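Next up, protein_35.txt (compact mmCIF, C-alpha atoms):
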# COMPACT_ATOMS: atom_id res chain seq x y z
CA MET R 1 120.96 135.72 90.11
CA GLU R 2 120.40 133.01 92.71
CA HIS R 3 122.59 129.92 92.41
CA CYS R 4 120.31 127.01 91.43
CA LEU R 5 121.06 123.90 93.50
CA PRO R 6 120.96 120.51 91.69
CA TRP R 7 117.91 119.34 93.66
CA LYS R 8 116.04 122.49 92.68
CA VAL R 9 116.88 121.79 89.04
CA HIS R 10 115.53 118.23 89.46
CA LEU R 11 112.31 119.45 91.10
CA PHE R 12 111.93 122.16 88.46
CA SER R 13 112.36 119.61 85.66
CA GLN R 14 109.70 117.37 87.26
CA LEU R 15 107.32 120.34 87.51
CA LEU R 16 108.04 121.34 83.91
CA ALA R 17 107.38 117.81 82.63
CA LEU R 18 104.17 117.68 84.65
CA ALA R 19 103.05 121.07 83.27
CA LEU R 20 103.69 119.91 79.70
CA LEU R 21 101.65 116.78 80.39
CA VAL R 22 98.75 118.82 81.79
CA LEU R 23 98.90 121.50 79.08
CA GLY R 24 99.14 118.87 76.36
CA GLY R 25 95.71 117.65 77.34
CA SER R 26 94.04 114.56 75.99
CA THR R 27 93.16 114.11 72.34
CA GLY R 28 91.24 110.91 72.92
CA SER R 29 93.56 109.13 70.49
CA GLU R 30 96.14 107.82 72.98
CA GLN R 31 97.38 104.36 72.22
CA ALA R 32 97.36 101.54 74.75
CA TRP R 33 101.17 101.60 75.02
CA GLN R 34 101.39 105.19 76.24
CA VAL R 35 103.25 105.62 79.53
CA GLN R 36 100.84 105.91 82.46
CA ARG R 37 101.81 107.92 85.54
CA GLU R 38 100.46 107.41 89.04
CA TYR R 39 101.07 109.88 91.87
CA TYR R 40 101.00 109.16 95.61
CA SER R 41 101.56 111.01 98.86
CA GLY R 42 101.96 109.32 102.20
CA ARG R 43 104.04 108.35 105.17
CA VAL R 44 106.93 105.96 105.73
CA ARG R 45 107.47 104.56 109.22
CA THR R 46 110.77 102.85 109.86
CA SER R 47 111.16 100.95 113.12
CA ILE R 48 114.12 99.15 114.63
CA PRO R 49 112.80 96.61 117.17
CA ASP R 50 116.01 96.27 119.23
CA SER R 51 116.31 100.00 119.87
CA HIS R 52 112.59 100.88 119.99
CA LEU R 53 113.50 103.62 117.50
CA PHE R 54 110.86 104.95 115.09
CA LEU R 55 111.49 107.32 112.21
CA ASP R 56 108.60 108.87 110.30
CA SER R 57 109.02 110.57 106.92
CA ASP R 58 106.55 111.92 104.40
CA PHE R 59 106.87 110.77 100.81
CA LEU R 60 105.83 111.70 97.30
CA LEU R 61 105.94 108.91 94.74
CA VAL R 62 105.61 108.92 90.96
CA ARG R 63 105.15 105.51 89.31
CA SER R 64 105.63 105.49 85.53
CA ILE R 65 104.24 102.38 83.86
CA ASP R 66 105.51 101.68 80.35
CA PRO R 67 104.20 98.39 78.89
CA GLN R 68 105.98 98.92 75.56
CA ALA R 69 109.41 99.19 77.22
CA GLY R 70 108.52 96.61 79.89
CA ILE R 71 109.47 99.00 82.71
CA ILE R 72 107.84 100.35 85.85
CA SER R 73 109.91 103.20 87.26
CA GLU R 74 109.45 104.77 90.68
CA ASP R 75 110.75 108.15 91.81
CA MET R 76 110.27 108.65 95.54
CA THR R 77 111.04 111.86 97.40
CA LEU R 78 111.30 111.55 101.19
CA LEU R 79 110.79 114.65 103.35
CA GLU R 80 112.46 114.06 106.69
CA ARG R 81 112.49 115.98 109.97
CA GLY R 82 114.35 119.24 109.63
CA GLY R 83 113.25 119.70 106.02
CA ALA R 84 115.87 117.52 104.34
CA CYS R 85 114.71 115.72 101.20
CA ARG R 86 116.17 112.52 99.80
CA MET R 87 115.33 111.01 96.46
CA LEU R 88 115.30 107.38 95.36
CA HIS R 89 114.89 106.06 91.82
CA ARG R 90 114.38 102.42 90.91
CA GLU R 91 113.22 100.51 87.87
CA LEU R 92 111.33 97.25 87.70
CA LEU R 93 112.24 95.41 84.50
CA VAL R 94 109.10 93.38 83.77
CA SER R 95 108.87 90.05 81.95
CA GLY R 96 105.42 88.46 82.11
CA SER R 97 104.38 88.51 85.77
CA GLU R 98 107.95 88.64 87.10
CA PHE R 99 110.44 91.49 87.43
CA SER R 100 113.97 92.39 88.41
CA ILE R 101 114.95 95.65 90.10
CA SER R 102 117.68 98.17 89.39
CA SER R 103 118.19 101.31 91.47
CA ASP R 104 120.39 104.38 91.80
CA ALA R 105 121.64 103.01 95.11
CA GLY R 106 123.47 100.20 93.29
CA ASP R 107 121.75 97.55 95.39
CA ASP R 108 122.34 93.90 94.76
CA CYS R 109 119.98 92.43 92.18
CA ALA R 110 116.46 91.71 93.37
CA SER R 111 113.61 89.90 91.67
CA GLY R 112 109.95 89.45 92.37
CA VAL R 113 106.44 88.65 91.21
CA LEU R 114 103.42 90.71 90.17
CA GLY R 115 99.78 89.82 90.81
CA GLY R 116 96.61 91.00 89.08
CA PRO R 117 95.80 91.96 85.48
CA ASP R 118 98.80 92.65 83.22
CA TRP R 119 100.06 96.25 83.57
CA GLN R 120 97.34 96.97 86.15
CA TRP R 121 98.91 94.85 88.88
CA THR R 122 97.52 95.08 92.39
CA TYR R 123 100.30 93.10 94.11
CA LEU R 124 104.08 93.33 93.99
CA GLY R 125 106.37 91.17 96.10
CA TYR R 126 110.11 90.65 96.08
CA SER R 127 113.04 89.44 98.12
CA GLN R 128 116.69 90.31 97.95
CA ARG R 129 119.87 89.10 99.63
CA THR R 130 122.52 91.79 100.00
CA ALA R 131 126.29 91.35 99.77
CA ASP R 132 126.59 91.80 103.55
CA GLY R 133 124.26 88.86 104.24
CA LEU R 134 121.08 90.77 105.04
CA PHE R 135 117.76 89.74 103.53
CA LEU R 136 115.06 92.21 102.38
CA GLU R 137 111.44 91.15 101.79
CA CYS R 138 108.77 93.52 100.50
CA ASP R 139 105.04 93.09 99.86
CA SER R 140 103.05 95.88 98.17
CA THR R 141 99.40 96.26 97.32
CA ILE R 142 97.95 98.93 95.07
CA ASP R 143 94.28 99.81 94.71
CA ALA R 144 92.18 102.77 93.57
CA GLY R 145 92.80 104.53 96.88
CA GLY R 146 96.51 104.13 97.31
CA ILE R 147 99.67 102.11 97.75
CA TYR R 148 100.66 100.07 100.80
CA ARG R 149 104.07 98.44 101.38
CA GLU R 150 105.50 96.35 104.18
CA SER R 151 109.21 95.59 104.17
CA ARG R 152 111.40 93.61 106.54
CA ILE R 153 115.17 93.47 106.77
CA THR R 154 116.48 90.37 108.52
CA ASP R 155 119.92 89.03 109.36
CA GLY R 156 121.26 85.61 108.38
CA SER R 157 119.45 83.94 111.31
CA GLY R 158 116.07 85.41 110.34
CA LYS R 159 116.00 88.01 113.13
CA VAL R 160 114.09 91.14 112.05
CA LEU R 161 116.39 94.17 112.19
CA VAL R 162 114.13 96.77 110.55
CA TYR R 163 110.45 97.12 109.65
CA ILE R 164 109.40 99.67 107.02
CA ASP R 165 105.71 100.48 106.49
CA GLU R 166 104.57 102.81 103.71
CA SER R 167 101.02 103.99 103.22
CA GLY R 168 100.11 106.48 100.50
CA SER R 169 97.00 107.98 98.96
CA ARG R 170 96.60 108.47 95.24
CA LEU R 171 96.92 112.04 93.93
CA ASP R 172 96.13 113.61 90.60
CA ASP R 173 98.89 115.39 88.68
CA GLU R 174 97.84 118.86 89.90
CA GLN R 175 97.82 117.81 93.57
CA TYR R 176 101.25 116.25 93.11
CA ALA R 177 102.64 119.41 91.47
CA LEU R 178 101.33 121.58 94.33
CA MET R 179 102.89 119.33 96.98
CA LEU R 180 106.19 119.11 95.11
CA THR R 181 106.33 122.90 94.84
CA ARG R 182 105.61 123.26 98.56
CA TRP R 183 108.33 120.74 99.44
CA ALA R 184 110.84 122.53 97.21
CA ALA R 185 110.14 125.76 99.09
CA MET R 186 110.46 124.08 102.52
CA SER R 187 113.54 121.97 101.92
CA ASP R 188 117.02 123.38 102.32
CA SER R 189 118.87 120.28 101.13
CA ILE R 190 118.25 117.21 99.04
CA SER R 191 120.30 114.14 98.25
CA ARG R 192 119.90 111.09 96.05
CA ILE R 193 119.93 107.69 97.73

As structure tokens - that is how I would like this structure written.
Amino acid sequence: MEHCLPWKVHLFSQLLALALLVLGGSTGSEQAWQVQREYYSGRVRTSIPDSHLFLDSDFLLVRSIDPQAGIISEDMTLLERGGACRMLHRELLVSGSEFSISSDAGDDCASGVLGGPDWQWTYLGYSQRTADGLFLECDSTIDAGGIYRESRITDGSGKVLVYIDESGSRLDDEQYALMLTRWAAMSDSISRI
């Protein structure tokens, strides 16, 4: 029997949950508070101006929107050159049109604002100062076609150290499951960040 690596277990559990969602179907009696899931696939470009270095990665993103709990959670899987996958989880704790962020990475606390209709927001913006004096700013827009994010990391003087641009197209649950399965077959290692 093949030894099952932890990342394979995680991917398998995501596929199983997705299959149960699809097989469960829709009864037409869902309540307004039911968790809504959005799926995206796209590209992240990270650039460091001083070094003229660019790093491109593909991403899969699942956004789970839970109005009853007041939480938007995001699970992003990055597929990097060489087939390595890294995973990032973060939660936006929503109160009105504002939120705070918690993540697996143990980042310093961040807070931000939401724009658009409640629980169908089309804008998300936040800023965060880290313990080492860096400043992160992020602006995101979401529409029927996809998700777009621009982030900047600056030092204490305001000099931009890193730009991060994300652009992703919306997927349905079946497209997401197919891509996730393909990535699991291609990747030889995965880590959580």

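All polymer residues at most 8 Å from (106.8, 88.9, 98.8), using all atoms listed in the file, appear as Gly112, Val113, Leu124, Gly125, Tyr126, Ser127, Glu137, Cys138, Asp139 and Ser140 of chain R.
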
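Reported to one decimal place, the separation of CA of Glu166 in chain R from CA of Ser100 in chain R is 20.8 Å.
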
- Message: Can you tell me which residues surround Arg81 in chain R at a distance of at most 10 Å, considering all atoms listed in the file, apart from same-chain residues fewer than 2 positions away, and format the answer as a list in words?
- Response: Leu55, Asp56, Ser57, Asp58, Leu78, Leu79, Gly83, Ala84 and Cys85 of chain R

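Atom pair CA of Trp119 in chain R / CA of Thr46 in chain R: separated by 29.1 Å.
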
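The smallest atom-to-atom distance between Tyr176 in chain R and any of R:Leu92, R:Leu60, R:Leu134, R:Cys109, using only C-alpha atoms, is found for R:Leu60.
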
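Of the listed residues (R:Ala131, R:Ile164, R:Ala144, R:Ile65), R:Ile164 comes nearest to Val44 in chain R; the distances count all atoms listed in the file.
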
- Query: From the set R:Leu136, R:Ile101, R:Met186, R:Ile147, which residue has the shortest atom-to-atom contact distance to Tyr123 in chain R, counting all atoms listed in the file?
  - Reply: R:Ile147

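Separating CA of Arg37 in chain R from CA of Asp66 in chain R is a distance of 8.9 Å.
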
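Using only C-alpha atoms, the shortest contact distance between Ile153 in chain R and any of R:Gly42, R:Thr122, R:Gln68, R:Pro49 is found at R:Pro49.
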
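Distances here use all atoms listed in the file; by that measure, the residue among R:Ile72, R:Ile142, R:Leu161, R:Leu93 closest to Ile48 in chain R is R:Leu161.
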
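With distances taken over all atoms listed in the file, R:Arg43 is the one residue among R:Arg43, R:Arg129, R:His52, R:Arg63 lying closest to Glu80 in chain R.
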